[in-house]
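Novice: Attaching a single structure in structure tokens format; questions to follow.
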Amino acid sequence: MNRAARTVRKAPRRQAFDSLPMYTCRECESEVNQATEICPQCGADLTVPSPGADAPAPKPGLRKILLRWGVLLAVLLGAVWSFLWFIVPERQGNPTTQAEARAVESLQNVRAALTEYASAQGGAYPRLFESLGEAGRAAAQLAQSAGYRIQYSPGPVEADGRIRTYTLEARAGNYGFRNFYTDDGGIMRATRENRAATAQDPPW
């Protein structure tokens, strides 16, 4: 058999890296295979990281962490303080003085309601405190919030069936607080003694 006939023509082998993806050399911008370590055009070492490539960010130190937490805590405390400043009622001054001032204010409000009632009734005052309606209830609640109790005492019924005088007292529920008295004359009187104030006590 002819030797030439026995010769088998083999197809050239394709290199395995021919099928690898291509990318651009950072130096000469030539297209090279991804598996290539040395650029065949410019000889650049492609295994060395590019200058300016993103490096892993260093972990923050203990001082920086503490500073961040300190700033966060300051912001939270500021928010809480602002909330308390605008929401919590102001409590300045002497509590005793404030309570006594509320008691006097409640008596003045009752007197105003009585005056309005008498104007509508031809000068007659009511037999019952409840006749003053909402104005009387609001005044009583104001006194109660300060630890006081209001007592209304109508004067005697005159010949025409009308009541033309009255007395008002504000009794303190706490020892040492002033007790107050007023009547249709309009003078406010007070005492620190543990008793109801009367028309004989000094003006307040």
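Note on naming: chains are A, B, ... as they come in the structure tokens, residues start from 1 per chain, ligands start from 1 in the order shown.
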Might you pull out every residue within 12 Å of Gly176 (chain A), with only C-alpha atoms counted and same-chain residues fewer than 5 positions away left off, and present them as a list of chain:residue names?

Specialist: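 Non-adjacent residues within range: A:Thr96, A:Thr97, A:Ala99, A:Glu100, A:Arg171, A:Thr191, A:Arg192, A:Glu193, A:Asn194, A:Arg195.
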
Novice: Please, what distance in Å, to one decimal, runs between CA of Arg162 (chain A) and CA of Gly133 (chain A)?

Specialist: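 Answer for the CA of Arg162 (chain A) to CA of Gly133 (chain A) separation: 19.3 Å.
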
Novice: Write out as a list of chain:residue names which residues come within 12 Å of Gln121 (chain A) when counting only C-alpha atoms, dropping same-chain ones fewer than 2 positions away.

Specialist: A:Leu114, A:Thr115, A:Glu116, A:Tyr117, A:Ala118, A:Ser119, A:Gly123, A:Ala124, A:Tyr125, A:Pro126, A:Ser131, A:Gly161, A:Arg162, A:Ile163, A:Arg164

Novice: How about saving the chosen residues, N, CA and C atoms kept, as a tab-separated table (two decimals), in the first residue's frame?

Specialist:
chain	number	residue	atom	x	y	z
A	114	LEU	N	-72.23	84.53	89.01
A	114	LEU	CA	-73.34	84.97	89.84
A	114	LEU	C	-73.85	86.34	89.42
A	115	THR	N	-72.93	87.22	89.08
A	115	THR	CA	-73.33	88.56	88.62
A	115	THR	C	-74.14	88.46	87.34
A	116	GLU	N	-73.69	87.61	86.43
A	116	GLU	CA	-74.43	87.43	85.17
A	116	GLU	C	-75.81	86.81	85.44
A	117	TYR	N	-75.87	85.88	86.36
A	117	TYR	CA	-77.15	85.25	86.69
A	117	TYR	C	-78.11	86.29	87.28
A	118	ALA	N	-77.61	87.11	88.21
A	118	ALA	CA	-78.46	88.11	88.86
A	118	ALA	C	-78.95	89.15	87.85
A	119	SER	N	-78.12	89.50	86.88
A	119	SER	CA	-78.54	90.46	85.87
A	119	SER	C	-79.71	89.92	85.06
A	123	GLY	N	-81.69	90.85	89.65
A	123	GLY	CA	-80.93	91.07	90.88
A	123	GLY	C	-80.99	89.94	91.87
A	124	ALA	N	-81.60	88.84	91.51
A	124	ALA	CA	-81.71	87.71	92.43
A	124	ALA	C	-80.62	86.68	92.14
A	125	TYR	N	-80.05	86.13	93.22
A	125	TYR	CA	-79.03	85.08	93.10
A	125	TYR	C	-79.69	83.71	93.23
A	126	PRO	N	-79.07	82.68	92.72
A	126	PRO	CA	-79.71	81.34	92.73
A	126	PRO	C	-79.70	80.72	94.12
A	131	SER	N	-77.27	75.96	89.58
A	131	SER	CA	-78.02	76.83	88.67
A	131	SER	C	-77.10	77.67	87.80
A	161	GLY	N	-89.31	87.20	97.80
A	161	GLY	CA	-88.94	85.87	97.34
A	161	GLY	C	-87.60	85.79	96.63
A	162	ARG	N	-86.85	86.88	96.69
A	162	ARG	CA	-85.55	86.91	96.00
A	162	ARG	C	-84.39	86.79	97.01
A	163	ILE	N	-83.30	86.26	96.54
A	163	ILE	CA	-82.06	86.17	97.31
A	163	ILE	C	-81.11	87.23	96.78
A	164	ARG	N	-80.70	88.16	97.63
A	164	ARG	CA	-79.90	89.29	97.16
A	164	ARG	C	-78.48	89.30	97.73

Novice: CA of Ser106 (chain A) to CA of Pro156 (chain A): how many Å, to one decimal?

Specialist: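 One can read the CA of Ser106 (chain A) to CA of Pro156 (chain A) distance as 23.9 Å.
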
Novice: Residues at most 8 Å from Pro202 (chain A), counting only C-alpha atoms, excluding those fewer than 2 positions away in the same chain, as a list of chain:residue names?

Specialist: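 Non-adjacent residues within range: A:Arg189, A:Ala190, A:Thr191, A:Gln200, A:Trp204.
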
Novice: How many Å separate CA of Gly136 (chain A) from CA of Tyr175 (chain A)?

Specialist: 25.4 Å

Novice: Pick from A:Glu158, A:Tyr152, A:Pro95, A:Leu72: nearest to Ala170 (chain A), with only C-alpha atoms counted?

Specialist: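 Among the listed residues, A:Tyr152 lies closest to Ala170 (chain A).
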
Novice: Determine which residues of region 58-198 of chain A receive a DSSP assignment of strand (DSSP E or B), computed from the backbone, and state them as a list in words.

Specialist: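 The residues of region 58-198 of chain A classed as strand (DSSP E or B) are Tyr148, Arg149, Ile150, Gln151, Tyr152, Ser153, Pro154, Val157, Ile163, Tyr166, Thr167, Leu168, Glu169, Ala170, Arg171, Ala172, Asn179, Phe180, Tyr181, Thr182, Asp183, Arg189, Ala190 and Thr191 of chain A.
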
Novice: For those residues, write C-alpha atoms to a file as a PDB file, in the first residue's frame.

Specialist:
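Everything below was put into out_7.pdb:
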ATOM      1  CA  TYR A 148     -59.557  73.362  96.859  1.00  0.00           C
ATOM      2  CA  ARG A 149     -63.297  72.936  97.337  1.00  0.00           C
ATOM      3  CA  ILE A 150     -65.752  75.774  96.658  1.00  0.00           C
ATOM      4  CA  GLN A 151     -68.791  76.280  98.861  1.00  0.00           C
ATOM      5  CA  TYR A 152     -71.632  78.590  97.816  1.00  0.00           C
ATOM      6  CA  SER A 153     -74.032  79.818 100.512  1.00  0.00           C
ATOM      7  CA  PRO A 154     -77.025  81.886  99.343  1.00  0.00           C
ATOM      8  CA  VAL A 157     -84.868  84.869 101.000  1.00  0.00           C
ATOM      9  CA  ILE A 163     -82.059  86.165  97.310  1.00  0.00           C
ATOM     10  CA  TYR A 166     -74.368  85.258  99.115  1.00  0.00           C
ATOM     11  CA  THR A 167     -71.016  84.083 100.472  1.00  0.00           C
ATOM     12  CA  LEU A 168     -68.315  82.009  98.782  1.00  0.00           C
ATOM     13  CA  GLU A 169     -65.570  79.949 100.396  1.00  0.00           C
ATOM     14  CA  ALA A 170     -62.583  78.105  98.986  1.00  0.00           C
ATOM     15  CA  ARG A 171     -61.365  75.487 101.456  1.00  0.00           C
ATOM     16  CA  ALA A 172     -57.889  74.040 100.982  1.00  0.00           C
ATOM     17  CA  ASN A 179     -58.457  79.472 102.904  1.00  0.00           C
ATOM     18  CA  PHE A 180     -60.417  82.179 101.053  1.00  0.00           C
ATOM     19  CA  TYR A 181     -63.714  83.993 101.531  1.00  0.00           C
ATOM     20  CA  THR A 182     -65.686  86.504  99.467  1.00  0.00           C
ATOM     21  CA  ASP A 183     -69.294  87.682  99.191  1.00  0.00           C
ATOM     22  CA  ARG A 189     -60.270  87.625 102.347  1.00  0.00           C
ATOM     23  CA  ALA A 190     -57.918  84.860 103.470  1.00  0.00           C
ATOM     24  CA  THR A 191     -56.478  83.028 106.481  1.00  0.00           C
TER      25      THR A 191
END
